[in-house]
$ cat run_33.csv   # CSV, C-alpha atoms and all ligand atoms
chain,number,residue,atom,x,y,z
A,1080,MET,CA,91.8,96.0,75.3
A,1081,LEU,CA,89.0,93.7,76.6
A,1082,ARG,CA,88.9,95.7,79.8
A,1083,PHE,CA,88.2,98.9,77.9
A,1084,PHE,CA,86.1,97.3,75.1
A,1085,ALA,CA,83.1,99.5,76.0
A,1086,SER,CA,85.1,102.7,75.3
A,1087,ILE,CA,86.4,101.7,71.8
A,1088,ASP,CA,83.7,103.6,69.9
A,1089,THR,CA,84.4,106.8,71.8
A,1090,MET,CA,88.2,106.6,71.5
A,1091,THR,CA,88.4,109.6,69.2
A,1092,SER,CA,86.2,112.1,71.1
A,1093,LEU,CA,87.1,110.6,74.6
A,1094,HIS,CA,83.8,112.0,75.7
A,1095,THR,CA,83.2,109.0,78.1
A,1096,GLU,CA,86.5,109.7,79.9
A,1097,MET,CA,86.6,111.9,83.0
A,1098,ASN,CA,88.5,115.1,82.3
A,1099,PRO,CA,89.1,117.1,85.5
A,1100,PRO,CA,89.3,120.9,85.3
A,1101,PHE,CA,93.0,121.1,86.2
A,1102,ASP,CA,96.0,118.7,86.5
A,1103,SER,CA,95.6,115.6,88.7
A,1104,TYR,CA,97.3,117.2,91.8
A,1105,TYR,CA,94.9,120.2,92.0
A,1106,SER,CA,91.9,118.2,90.8
A,1107,TRP,CA,92.2,115.0,93.0
A,1108,VAL,CA,95.0,115.3,95.6
A,1109,VAL,CA,94.3,118.7,97.1
A,1110,PRO,CA,90.5,118.2,97.6
A,1111,THR,CA,91.0,114.6,98.8
A,1112,VAL,CA,93.6,115.7,101.4
A,1113,ARG,CA,91.3,118.6,102.5
A,1114,TYR,CA,88.4,116.2,102.9
A,1115,LEU,CA,90.4,113.6,104.9
A,1116,LYS,CA,91.8,116.3,107.2
A,1117,SER,CA,88.3,117.5,107.9
A,1118,LEU,CA,87.6,113.9,109.1
A,1119,GLY,CA,90.6,114.1,111.5
A,1120,VAL,CA,93.1,112.1,109.4
A,1121,GLY,CA,96.7,113.0,110.2
A,1122,PHE,CA,99.4,113.3,107.6
A,1123,ILE,CA,103.1,113.0,108.7
A,1124,MET,CA,105.3,114.5,106.0
A,1125,GLY,CA,109.0,114.0,105.3
A,1126,THR,CA,108.9,110.4,106.5
A,1127,ARG,CA,110.0,107.2,104.8
A,1128,VAL,CA,109.0,103.7,105.8
A,1129,VAL,CA,112.3,101.8,105.4
A,1130,ASP,CA,111.4,98.4,107.0
A,1131,VAL,CA,108.5,96.5,108.5
A,1132,ASP,CA,108.8,94.0,111.4
A,1133,PHE,CA,106.5,91.0,111.5
A,1134,ARG,CA,105.4,88.8,114.4
A,1135,PRO,CA,107.9,85.8,114.3
A,1136,THR,CA,105.5,83.1,113.3
A,1137,THR,CA,104.7,81.3,110.0
A,1138,ASP,CA,101.0,80.9,111.0
A,1139,GLU,CA,100.0,84.5,110.2
A,1140,LYS,CA,101.3,87.7,108.8
A,1141,THR,CA,101.1,90.4,111.5
A,1142,VAL,CA,102.9,93.7,111.3
A,1143,THR,CA,104.3,94.8,114.6
A,1144,MET,CA,106.5,97.8,113.8
A,1145,LEU,CA,107.0,100.3,111.0
A,1146,ARG,CA,110.7,101.4,110.9
A,1147,CYS,CA,110.9,104.9,109.4
A,1148,THR,CA,113.3,107.8,108.9
A,1149,GLN,CA,112.0,111.3,109.6
A,1150,GLN,CA,114.1,114.3,108.6
A,1151,GLY,CA,117.1,111.9,108.4
A,1152,LYS,CA,116.5,110.5,112.0
A,1153,ALA,CA,115.3,107.0,112.8
A,1154,LYS,CA,111.7,106.7,114.1
A,1155,ASN,CA,109.8,103.6,114.9
A,1156,ILE,CA,106.0,103.3,114.9
A,1157,PRO,CA,104.7,100.3,116.9
A,1158,ILE,CA,101.6,98.6,115.5
A,1159,ARG,CA,99.3,97.8,118.3
A,1160,ARG,CA,96.6,95.2,118.6
A,1161,ASN,CA,93.7,97.0,116.9
A,1162,ASP,CA,95.9,98.9,114.3
A,1163,PHE,CA,95.9,98.1,110.6
A,1164,THR,CA,98.6,98.8,108.0
A,1165,PHE,CA,98.0,99.7,104.3
A,1166,ILE,CA,101.3,99.8,102.5
A,1167,SER,CA,101.9,101.2,99.1
A,1168,ILE,CA,104.5,99.0,97.4
A,1169,GLY,CA,106.5,100.2,94.4
A,1170,SER,CA,105.9,103.4,92.5
A,1171,LYS,CA,106.2,104.0,88.9
A,1172,VAL,CA,107.7,107.5,89.7
A,1173,SER,CA,110.4,106.0,91.9
A,1174,ASP,CA,113.8,107.4,91.3
A,1175,VAL,CA,112.5,110.2,89.1
A,1176,LYS,CA,115.3,112.6,88.0
A,1177,VAL,CA,114.6,116.1,87.0
A,1178,GLY,CA,116.3,118.3,84.3
A,1179,THR,CA,115.8,121.9,83.2
A,1180,MET,CA,116.3,124.0,80.1
A,1181,HIS,CA,120.1,123.7,80.4
A,1182,LYS,CA,120.5,120.6,82.5
A,1183,ALA,CA,119.8,117.0,81.4
A,1184,PRO,CA,118.0,114.8,84.0
A,1185,VAL,CA,120.9,112.2,84.1
A,1186,THR,CA,124.2,111.5,82.4
A,1187,VAL,CA,124.0,107.7,82.8
A,1188,GLN,CA,120.9,105.5,82.8
A,1189,VAL,CA,119.5,104.5,86.2
A,1190,ASP,CA,120.1,100.7,86.7
A,1191,HIS,CA,118.6,99.9,90.1
A,1192,PRO,CA,116.1,101.4,92.6
A,1193,GLU,CA,117.3,103.7,95.3
A,1194,ASP,CA,113.9,105.1,96.4
A,1195,ALA,CA,111.9,103.8,99.3
A,1196,PRO,CA,108.9,102.3,97.5
A,1197,PHE,CA,110.7,99.4,95.8
A,1198,LEU,CA,113.4,99.0,98.5
A,1199,LEU,CA,110.7,98.5,101.2
A,1200,TRP,CA,108.9,95.9,99.1
A,1201,GLN,CA,112.2,94.1,98.5
A,1202,LYS,CA,112.8,93.9,102.3
A,1203,MET,CA,109.3,92.6,103.0
A,1204,ALA,CA,109.5,90.0,100.2
A,1205,ALA,CA,112.7,88.7,101.7
A,1206,LYS,CA,111.1,88.2,105.1
A,1207,GLN,CA,107.7,86.7,104.2
A,1208,PRO,CA,106.3,84.3,101.6
A,1209,GLU,CA,103.6,85.4,99.0
A,1210,MET,CA,104.8,89.0,99.0
A,1211,GLY,CA,105.6,89.1,95.2
A,1212,ASN,CA,108.8,89.6,93.4
A,1213,PRO,CA,109.8,93.4,93.1
A,1214,LEU,CA,112.9,92.6,91.1
A,1215,LYS,CA,110.7,91.7,88.1
A,1216,PHE,CA,109.7,95.3,87.9
A,1217,THR,CA,113.1,97.0,88.5
A,1218,SER,CA,115.6,94.8,86.7
A,1219,SER,CA,115.3,96.3,83.2
A,1220,PRO,CA,114.7,100.1,83.3
A,1221,ASP,CA,115.7,100.2,79.6
A,1222,HIS,CA,112.3,98.5,78.9
A,1223,SER,CA,110.3,100.6,81.4
A,1224,GLU,CA,111.7,104.1,81.1
A,1225,PHE,CA,110.1,107.3,79.7
A,1226,VAL,CA,111.2,110.9,79.6
A,1227,ILE,CA,108.3,113.4,80.1
A,1228,TRP,CA,108.6,117.2,79.8
A,1229,THR,CA,106.4,120.1,80.8
A,1230,CYS,CA,106.9,123.5,79.2
A,1231,GLN,CA,105.4,126.8,80.2
A,1232,THR,CA,105.7,129.5,77.5
A,1233,LYS,CA,104.8,133.2,77.5
A,1234,GLY,CA,102.8,134.4,74.4
A,1235,ASN,CA,100.7,132.4,72.0
A,1236,VAL,CA,103.3,130.5,69.9
A,1237,TRP,CA,102.1,127.0,71.0
A,1238,ASP,CA,98.4,128.0,70.3
A,1239,ARG,CA,99.3,129.3,66.8
A,1240,LEU,CA,101.4,126.2,65.9
A,1241,THR,CA,99.1,123.6,67.4
A,1242,LEU,CA,95.7,125.0,66.2
A,1243,GLY,CA,97.3,125.6,62.8
A,1244,LEU,CA,98.4,121.9,62.7
A,1245,THR,CA,95.2,120.2,64.0
A,1246,GLY,CA,92.5,122.6,62.9
A,1247,ASN,CA,91.0,122.5,66.4
A,1248,LYS,CA,89.4,125.6,67.9
A,1249,ARG,CA,90.7,125.3,71.5
A,1250,MET,CA,93.9,124.2,73.1
A,1251,GLY,CA,93.2,120.9,74.9
A,1252,GLU,CA,90.7,119.5,72.3
A,1253,GLN,CA,93.6,117.6,70.6
A,1254,HIS,CA,94.5,114.0,71.3
A,1255,GLU,CA,98.0,113.1,72.0
A,1256,ILE,CA,100.0,113.5,68.8
A,1257,VAL,CA,102.4,110.6,68.3
A,1258,PHE,CA,105.4,110.3,66.0
A,1259,PRO,CA,105.7,106.5,65.9
A,1260,ASP,CA,108.8,106.6,63.5
A,1261,SER,CA,110.8,109.2,65.5
A,1262,ALA,CA,113.8,107.7,67.3
A,1263,TRP,CA,112.6,108.8,70.7
A,1264,ARG,CA,109.0,108.0,69.8
A,1265,ASN,CA,107.9,111.5,70.5
A,1266,ILE,CA,104.5,112.3,71.9
A,1267,TYR,CA,103.0,115.8,72.1
A,1268,HIS,CA,100.1,116.5,74.6
A,1269,VAL,CA,98.2,119.7,75.0
A,1270,PRO,CA,96.1,119.9,78.2
A,1271,TRP,CA,93.1,122.2,78.7
A,1272,GLN,CA,94.2,125.7,79.5
A,1273,PRO,CA,94.8,126.9,82.2
A,1274,PHE,CA,96.3,123.7,83.4
A,1275,VAL,CA,96.9,124.7,87.0
A,1276,PRO,CA,94.7,127.2,89.0
A,1277,ASN,CA,97.5,129.7,89.6
A,1278,GLN,CA,98.9,129.6,86.0
A,1279,THR,CA,100.4,133.0,85.0
A,1280,PRO,CA,98.0,134.7,82.6
A,1281,GLY,CA,99.2,134.9,79.0
A,1282,THR,CA,101.1,131.6,79.3
A,1283,THR,CA,100.5,128.2,77.8
A,1284,ILE,CA,101.5,124.8,79.3
A,1285,VAL,CA,102.2,121.9,76.9
A,1286,MET,CA,103.8,118.5,77.5
A,1287,GLY,CA,105.7,115.8,75.6
A,1288,MET,CA,107.1,112.4,76.1
A,1289,GLY,CA,109.6,110.1,74.6
A,1290,GLU,CA,108.9,106.4,75.0
A,1291,HIS,CA,112.2,105.2,73.5
A,1292,CYS,CA,114.3,107.6,75.5
A,1293,GLY,CA,117.4,105.5,75.4
A,1294,ASN,CA,117.8,105.8,71.6
A,1295,LYS,CA,119.8,108.6,70.0
A,1296,GLY,CA,117.5,111.3,68.6
A,1297,ASP,CA,117.1,111.8,64.9
A,1298,PHE,CA,118.5,115.4,65.2
A,1299,VAL,CA,120.0,115.5,68.7
A,1300,LYS,CA,122.4,112.6,68.6
A,1301,LYS,CA,122.1,111.4,72.2
A,1302,PRO,CA,119.6,109.6,74.4
A,1303,MET,CA,116.7,111.7,75.5
A,1304,TRP,CA,117.5,111.2,79.2
A,1305,ALA,CA,120.9,112.7,78.6
A,1306,SER,CA,119.4,115.7,76.8
A,1307,THR,CA,118.7,119.2,78.2
A,1308,GLY,CA,115.3,120.8,77.8
A,1309,LYS,CA,116.7,123.0,75.0
A,1310,GLU,CA,117.8,119.9,73.1
A,1311,ILE,CA,114.5,118.1,73.6
A,1312,LEU,CA,112.6,121.2,72.3
A,1313,THR,CA,115.0,121.3,69.3
A,1314,GLU,CA,114.4,117.6,68.4
A,1315,PHE,CA,110.7,118.1,68.9
A,1316,CYS,CA,110.4,121.2,66.7
A,1317,TYR,CA,112.4,119.6,63.9
A,1318,HIS,CA,109.9,116.7,63.8
A,1319,PHE,CA,107.0,119.1,63.5
A,1320,GLY,CA,108.8,121.4,61.0
A,1321,TRP,CA,108.7,124.2,63.6
A,1322,GLU,CA,112.4,125.0,63.5
A,1323,LYS,CA,111.9,128.7,62.7
A,1324,ASP,CA,109.8,129.1,65.8
A,1325,LEU,CA,112.4,127.4,68.0
A,1326,PRO,CA,114.3,130.5,69.2
A,1327,GLU,CA,111.0,132.2,70.2
A,1328,ILE,CA,109.9,129.1,72.1
A,1329,ILE,CA,113.3,128.7,73.9
A,1330,LYS,CA,113.5,132.4,74.8
A,1331,ASN,CA,110.0,132.5,76.3
A,1332,SER,CA,109.9,129.1,78.0
A,1333,GLU,CA,110.6,127.3,81.3
A,1334,ILE,CA,110.8,123.6,80.9
A,1335,ASN,CA,111.1,120.7,83.4
A,1336,VAL,CA,112.3,117.3,82.1
A,1337,TYR,CA,111.5,114.1,84.1
A,1338,TYR,CA,113.4,110.9,83.6
A,1339,GLU,CA,111.2,108.1,85.0
A,1340,PRO,CA,113.0,104.8,84.9
A,1341,TYR,CA,110.2,102.5,86.1
A,1342,VAL,CA,107.1,104.3,84.6
A,1343,THR,CA,105.9,101.3,82.6
A,1344,SER,CA,107.4,98.6,84.8
A,1345,MET,CA,104.0,97.2,85.6
A,1346,PHE,CA,103.8,96.0,82.0
A,1347,LEU,CA,107.1,94.0,82.1
A,1348,PRO,CA,106.8,90.2,81.7
A,1349,ARG,CA,105.7,88.6,85.0
A,1350,ASN,CA,103.8,85.7,86.4
A,1351,MET,CA,100.7,85.8,88.5
A,1352,PHE,CA,102.7,85.6,91.8
A,1353,ASP,CA,105.1,88.5,91.1
A,1354,ARG,CA,102.5,91.0,92.4
A,1355,PRO,CA,101.1,90.2,95.9
A,1356,LYS,CA,97.4,89.9,96.6
A,1357,VAL,CA,95.9,93.1,98.2
A,1358,VAL,CA,95.4,91.2,101.4
A,1359,PRO,CA,98.0,88.4,101.6
A,1360,ASN,CA,97.0,85.0,102.8
A,1361,ARG,CA,96.9,84.7,106.6
A,1362,SER,CA,97.3,88.5,107.0
A,1363,THR,CA,95.8,89.8,110.3
A,1364,ASN,CA,96.5,93.6,109.9
A,1365,LEU,CA,98.3,94.1,106.6
A,1366,ALA,CA,97.1,95.1,103.1
A,1367,PHE,CA,99.0,96.2,100.1
A,1368,ILE,CA,97.7,99.1,97.9
A,1369,GLY,CA,98.8,100.6,94.6
A,1370,GLU,CA,99.8,99.6,91.1
A,1371,TYR,CA,101.9,96.6,92.0
A,1372,THR,CA,99.1,94.6,93.6
A,1373,GLU,CA,97.4,91.6,91.9
A,1374,MET,CA,93.7,92.2,91.1
A,1375,PRO,CA,92.3,89.6,88.8
A,1376,GLU,CA,90.8,90.9,85.4
A,1377,ASP,CA,91.7,94.5,86.0
A,1378,THR,CA,94.1,96.7,84.0
A,1379,VAL,CA,96.8,98.8,85.6
A,1380,PHE,CA,98.2,102.3,84.8
A,1381,MET,CA,95.4,104.7,85.9
A,1382,VAL,CA,94.6,106.2,89.3
A,1383,SER,CA,91.5,103.9,89.4
A,1384,TYR,CA,93.6,100.8,89.8
A,1385,SER,CA,95.2,102.2,93.0
A,1386,THR,CA,92.0,103.5,94.5
A,1387,LYS,CA,90.3,100.2,93.8
A,1388,SER,CA,93.1,98.3,95.5
A,1389,ALA,CA,92.5,100.5,98.6
A,1390,GLN,CA,88.8,99.8,98.5
A,1391,LEU,CA,89.4,96.1,98.2
A,1392,ALA,CA,91.9,96.3,101.1
A,1393,VAL,CA,89.3,97.9,103.4
A,1394,HIS,CA,86.6,95.5,102.3
A,1395,GLN,CA,88.7,92.4,103.0
A,1396,LEU,CA,90.3,93.5,106.2
A,1397,PHE,CA,87.1,94.9,107.7
A,1398,GLY,CA,84.6,92.5,106.2
A,1399,VAL,CA,82.7,95.2,104.3
A,1400,THR,CA,80.1,93.6,102.0
A,1401,ASN,CA,77.3,96.1,101.6
A,1402,ILE,CA,79.2,98.8,99.5
A,1403,PRO,CA,80.2,98.0,95.9
A,1404,ILE,CA,83.8,98.3,94.8
A,1405,THR,CA,84.1,100.7,91.8
A,1406,PRO,CA,84.8,100.8,89.0
A,1407,PRO,CA,83.6,97.2,88.3
A,1408,VAL,CA,85.2,95.3,85.5
A,1409,ALA,CA,82.6,95.3,82.7
A,1410,HIS,CA,82.1,91.8,81.2
A,1411,ASN,CA,80.8,93.1,77.9
A,1412,LYS,CA,83.2,91.5,75.5
A,1413,TRP,CA,80.6,88.9,74.4
A,1414,ASN,CA,77.6,91.3,74.5
A,1415,PRO,CA,76.4,91.7,70.8
A,1416,TYR,CA,75.7,95.4,71.3
A,1417,TRP,CA,79.2,96.2,72.4
A,1418,VAL,CA,80.8,93.8,69.9
A,1419,PHE,CA,78.9,95.5,67.1
A,1420,LYS,CA,79.9,99.0,68.3
A,1421,GLY,CA,83.5,97.9,68.8
A,1422,VAL,CA,83.9,96.3,65.3
A,1423,LYS,CA,82.1,99.2,63.7
A,1424,ALA,CA,84.6,101.7,65.4
A,1425,MET,CA,87.6,99.6,64.3
A,1426,LEU,CA,86.4,99.3,60.7
A,1427,ILE,CA,85.0,102.7,59.9
A,1428,GLY,CA,86.2,104.9,62.8
A,1429,SER,CA,84.8,106.0,66.1
A,1430,GLU,CA,82.5,108.8,67.1
B,1,LIG,C1,103.3,111.1,83.3
B,1,LIG,C2,102.1,110.4,83.9
B,1,LIG,C3,100.8,110.7,83.5
B,1,LIG,C4,99.7,110.0,84.1
B,1,LIG,N1,98.5,110.4,83.6
B,1,LIG,C5,97.4,109.8,84.2
B,1,LIG,C6,96.1,110.1,83.8
B,1,LIG,O1,95.9,111.0,82.9
B,1,LIG,N2,95.0,109.5,84.4
B,1,LIG,C7,95.2,108.6,85.4
B,1,LIG,O2,94.2,108.0,85.9
B,1,LIG,N3,96.4,108.2,85.8
B,1,LIG,C8,97.5,108.8,85.2
B,1,LIG,N4,98.8,108.4,85.6
B,1,LIG,C9,98.9,107.4,86.6
B,1,LIG,C10,98.7,107.8,88.1
B,1,LIG,O3,99.6,108.9,88.3
B,1,LIG,C11,99.0,106.6,89.0
B,1,LIG,O4,98.2,105.6,88.6
B,1,LIG,C12,98.8,107.0,90.4
B,1,LIG,O5,99.6,108.1,90.8
B,1,LIG,C13,99.2,105.8,91.3
B,1,LIG,O6,98.9,106.1,92.7
B,1,LIG,P1,99.6,105.4,93.9
B,1,LIG,O7,99.1,106.0,95.1
B,1,LIG,O8,99.4,103.9,93.7
B,1,LIG,O9,101.1,105.6,93.7
B,1,LIG,P2,102.0,106.9,93.7
B,1,LIG,O10,101.3,108.0,93.0
B,1,LIG,O11,103.3,106.5,93.2
B,1,LIG,O12,102.0,107.3,95.2
B,1,LIG,C14,102.6,106.5,96.2
B,1,LIG,C15,103.1,107.4,97.3
B,1,LIG,O13,103.6,106.7,98.4
B,1,LIG,C16,104.8,107.2,98.7
B,1,LIG,N5,105.6,106.0,99.2
B,1,LIG,C17,105.8,104.8,98.6
B,1,LIG,N6,106.6,104.1,99.4
B,1,LIG,C18,106.9,104.8,100.5
B,1,LIG,C19,107.6,104.5,101.7
B,1,LIG,N7,108.3,103.4,101.8
B,1,LIG,N8,107.7,105.5,102.6
B,1,LIG,C20,107.1,106.7,102.4
B,1,LIG,N9,106.3,107.0,101.4
B,1,LIG,C21,106.2,106.0,100.4
B,1,LIG,C22,105.4,107.7,97.5
B,1,LIG,O14,106.4,108.7,97.8
B,1,LIG,C23,104.2,108.3,96.8
B,1,LIG,O15,104.0,109.6,97.3
B,1,LIG,C24,99.9,109.1,85.1
B,1,LIG,C25,101.2,108.8,85.5
B,1,LIG,C26,102.3,109.4,85.0
B,1,LIG,C27,103.7,109.1,85.5
$ encode --input "run_33.csv" --output "C-alpha cells" --more "lines below"
Ligand SMILES: Cc1cc2nc3c(=O)[nH]c(=O)nc-3n(C[C@H](O)[C@H](O)[C@H](O)COP(=O)(O)OP(=O)(O)OC[C@H]3O[C@@H](n4cnc5c(N)ncnc54)[C@H](O)[C@@H]3O)c2cc1C
Amino acid sequence: MLRFFASIDTMTSLHTEMNPPFDSYYSWVVPTVRYLKSLGVGFIMGTRVVDVDFRPTTDEKTVTMLRCTQQGKAKNIPIRRNDFTFISIGSKVSDVKVGTMHKAPVTVQVDHPEDAPFLLWQKMAAKQPEMGNPLKFTSSPDHSEFVIWTCQTKGNVWDRLTLGLTGNKRMGEQHEIVFPDSAWRNIYHVPWQPFVPNQTPGTTIVMGMGEHCGNKGDFVKKPMWASTGKEILTEFCYHFGWEKDLPEIIKNSEINVYYEPYVTSMFLPRNMFDRPKVVPNRSTNLAFIGEYTEMPEDTVFMVSYSTKSAQLAVHQLFGVTNIPITPPVAHNKWNPYWVFKGVKAMLIGSE
C-alpha cells in the first residue's frame, strides 16, 4: 500500500496505469524479442536448465557449467572466464495445468513443484549458502493457488450483459468485478477489445478468476480446479443472474482454464533471507532475476519487479552507475500533498 500510495487517488479510473494496446505477450514480449534479435541476441528454445555447477570453493560463488536438457537430451553449457549468468529462479506460473470446456485442469490438487524454475532453485540452494529457501514458496499451494479462465465467444452476448450491468459505453472500461462472498471468490475481468491482434472479428474475449479455487462452489459443488470450463461458466452466470444466457454462451464459446498452484506464492509468510539477493555475496558471474529475488522496499507481482531485478543485476555485475534504475520507489508516504490526496480518496472516493 505504501509503495503505491501515489496511485490511491486514481484507483477508480486507473488513468495513471499503463494499459498496452493488446495482451502482455503481443504488447511486451513480441516487440522485445524482435528488438533483442536485431541486436544479435540468440534465443535457444526447448531447453531447460536443470542444474548449475559452481567452482568448488567457499571464497566465491562462480558458475562453471549450466546443465540442461534440450529436446529430452542432456546438453552442458560451459561458463567461461568472461561469461556471466542471469538465472530466473521460481515462476508463479510453474506447474500450470490447462483445462477446456469439457475437461477440468486437474483432478487432484498439485502438492509439490515438478517444473524447472523451482527445482533448479532448490538444487542451487542445496549447494551454496545465501541462495534463499524455495520451499517457503512451494510448500502450501492451497494458500497460493488460483484458477484463471479465458473465454472467446462469438456474437455480442458478453457486451450486452456487461454493459447492461455496469453502464459503461465500451468493453474494457470496467474494473475487475469481484464477488467477495462467492465460495470461489469469483472475479470477472473484461480487457479492451480486440485483446489480441489476430482476434476473430465478431468475437469477444473475457476472463475470470477464482482466488479460493479449492472451495466447493456455491452452485457447482466441487473445487474450481476440478471443474470444467462449462461448470465454471455455470457457477459464474448463476452469481450474475445470467442463467438464461448460459446456453448461448456455452454454445458459442471456447474456453481455456488454467490452474496455477503457485501464482501468489511470493506473498506467503517468509523472512528476509528466503529470497536471495539479486547478486549474492561474493558472486563473480552470477545474478538472480525475477519475482523471487529480494529487493528492499519494492513490491512484487507486476512485470516491473522482474525487469527491475534484471536492471539491478546488470548494474551490480558490470558496475553501471550512470543510468538510473526504474521505476524508483517513491518515498512520498510522508509528503503532505500525497497524504492529503490519499486520505481524501479513501474518505470520499477517488477520481
Ligand atoms: C494471470 C496473471 C495476470 C497478470 N497480469 C499482470 C498485469 O496486468 N500487469 C503486470 O505487470 N503483471 C501481470 N502479471 C505478472 C507478470 O506476468 C509477471 O510479473 C512476469 O511474467 C514475471 O516475469 P519473469 O520473467 O520474472 O517470470 P516468468 O514470466 O515466469 O518467466 C520466467 C521464464 O523463465 C523460464 N524458466 C524458468 N526457469 C527455467 C529453467 N530452469 N530452464 C529454462 N527456462 C526456465 C520459464 O519457463 C519462463 O518462461 C500477471 C500474472 C498472471 C499469472
$ closest_atom_pairs --input "run_33.csv" --of "chain A" --to "ligand LIG 1 (chain B)" --cutoff "9 Å" --atoms "only C-alpha atoms and all ligand atoms" --output "CSV"
residue,atom,partner,partner_atom,distance
A:Met1097,CA,B:LIG1,N2,8.8
A:Asn1098,CA,B:LIG1,O1,8.5
A:Asp1102,CA,B:LIG1,O1,8.5
A:Ser1103,CA,B:LIG1,C6,7.4
A:Met1124,CA,B:LIG1,C20,8.8
A:Gly1125,CA,B:LIG1,C20,8.1
A:Thr1126,CA,B:LIG1,C20,5.8
A:Arg1127,CA,B:LIG1,N8,3.6
A:Val1128,CA,B:LIG1,N8,3.9
A:Val1129,CA,B:LIG1,N7,5.6
A:Asp1130,CA,B:LIG1,N7,7.9
A:Cys1147,CA,B:LIG1,N8,7.5
A:Thr1148,CA,B:LIG1,N8,8.7
A:Ile1166,CA,B:LIG1,N6,7.5
A:Ser1167,CA,B:LIG1,C17,5.3
A:Ile1168,CA,B:LIG1,N6,5.9
A:Gly1169,CA,B:LIG1,C17,6.3
A:Ser1170,CA,B:LIG1,O11,4.1
A:Lys1171,CA,B:LIG1,O11,5.8
A:Val1172,CA,B:LIG1,O11,5.7
A:Ser1173,CA,B:LIG1,O11,7.2
A:Asp1194,CA,B:LIG1,N6,8.0
A:Ala1195,CA,B:LIG1,N7,4.4
A:Pro1196,CA,B:LIG1,N6,3.5
A:Phe1197,CA,B:LIG1,N6,7.2
A:Leu1198,CA,B:LIG1,N7,7.5
A:Leu1199,CA,B:LIG1,N7,5.5
A:Trp1200,CA,B:LIG1,N7,8.0
A:Phe1225,CA,B:LIG1,C1,8.6
A:Val1226,CA,B:LIG1,C1,8.7
A:Ile1227,CA,B:LIG1,C1,6.4
A:Trp1228,CA,B:LIG1,C1,8.8
A:Met1288,CA,B:LIG1,C1,8.2
A:Tyr1337,CA,B:LIG1,C1,8.8
A:Glu1339,CA,B:LIG1,C27,7.6
A:Val1342,CA,B:LIG1,C27,6.0
A:Thr1343,CA,B:LIG1,C27,8.6
A:Ile1368,CA,B:LIG1,O8,6.6
A:Gly1369,CA,B:LIG1,O8,3.5
A:Glu1370,CA,B:LIG1,O8,5.0
A:Tyr1371,CA,B:LIG1,O8,7.9
A:Val1379,CA,B:LIG1,O4,7.6
A:Phe1380,CA,B:LIG1,O4,5.0
A:Met1381,CA,B:LIG1,O2,3.5
A:Val1382,CA,B:LIG1,O4,3.7
A:Ser1383,CA,B:LIG1,O2,6.0
A:Tyr1384,CA,B:LIG1,O4,6.8
A:Ser1385,CA,B:LIG1,O8,4.6
A:Thr1386,CA,B:LIG1,O8,7.5
A:Ser1388,CA,B:LIG1,O8,8.6
$ atom_distance --input "run_33.csv" --atom1 "atom CA of Thr1179 of chain A" --atom2 "atom CA of Leu1240 of chain A"
22.9 Å
$ atom_distance --input "run_33.csv" --atom1 "atom CA of Phe1352 of chain A" --atom2 "atom CA of Thr1136 of chain A"
21.8 Å
$ residues_around --input "run_33.csv" --residues "segment 1305-1319 of chain A" --least-positions-apart "4" --cutoff "8 Å" --atoms "only C-alpha atoms" --output "JSON, numbers by chain"
{"A": [1178, 1179, 1180, 1181, 1182, 1183, 1184, 1185, 1186, 1187, 1228, 1261, 1265, 1296, 1297, 1298, 1299, 1301, 1324, 1325, 1329, 1334, 1335, 1336]}
$ closest_residue --input "run_33.csv" --among "A:Val1418, A:Ala1424, A:Val1177, A:Cys1230" --to "Pro1340 of chain A" --atoms "only C-alpha atoms"
A:Val1177
$ residues_around --input "run_33.csv" --residues "Trp1417 of chain A" --least-positions-apart "3" --cutoff "10 Å" --atoms "only C-alpha atoms" --output "list in words"
Phe1084, Ala1085, Ser1086, Ile1087, Asp1088, Asn1411, Lys1412, Trp1413, Asn1414, Lys1420, Gly1421, Val1422 and Lys1423 of chain A
$ atom_distance --input "run_33.csv" --atom1 "atom CA of Ser1219 of chain A" --atom2 "atom CA of Thr1378 of chain A"
21.2 Å
$ closest_residue --input "run_33.csv" --among "A:Asn1331, A:Ser1117, A:Lys1176, A:Thr1111" --to "Asn1235 of chain A" --atoms "all atoms listed in the file"
A:Asn1331
$ closest_residue --input "run_33.csv" --among "A:Tyr1104, A:Trp1271, A:Tyr1114, A:Trp1263" --to "Gly1293 of chain A" --atoms "only C-alpha atoms"
A:Trp1263
$ closest_residue --input "run_33.csv" --among "A:Val1112, A:Met1080, A:Met1250, A:Met1286" --to "Glu1333 of chain A" --atoms "only C-alpha atoms"
A:Met1286
$ residues_around --input "run_33.csv" --residues "segment 1210-1215 of chain A" --least-positions-apart "2" --cutoff "10 Å" --atoms "only C-alpha atoms" --output "MDAnalysis selection string"
chainID A and resid 1168:1169 1191:1192 1196:1208 1217:1219 1344:1345 1347:1360 1367 1371:1373
$ closest_residue --input "run_33.csv" --among "A:Asn1161, A:Gln1188, A:Gln1149, A:Ser1332" --to "Asp1174 of chain A" --atoms "all atoms listed in the file"
A:Gln1188
$ closest_residue --input "run_33.csv" --among "A:His1222, A:Arg1082, A:Lys1323, A:Arg1113" --to "Val1236 of chain A" --atoms "all atoms listed in the file"
A:Lys1323
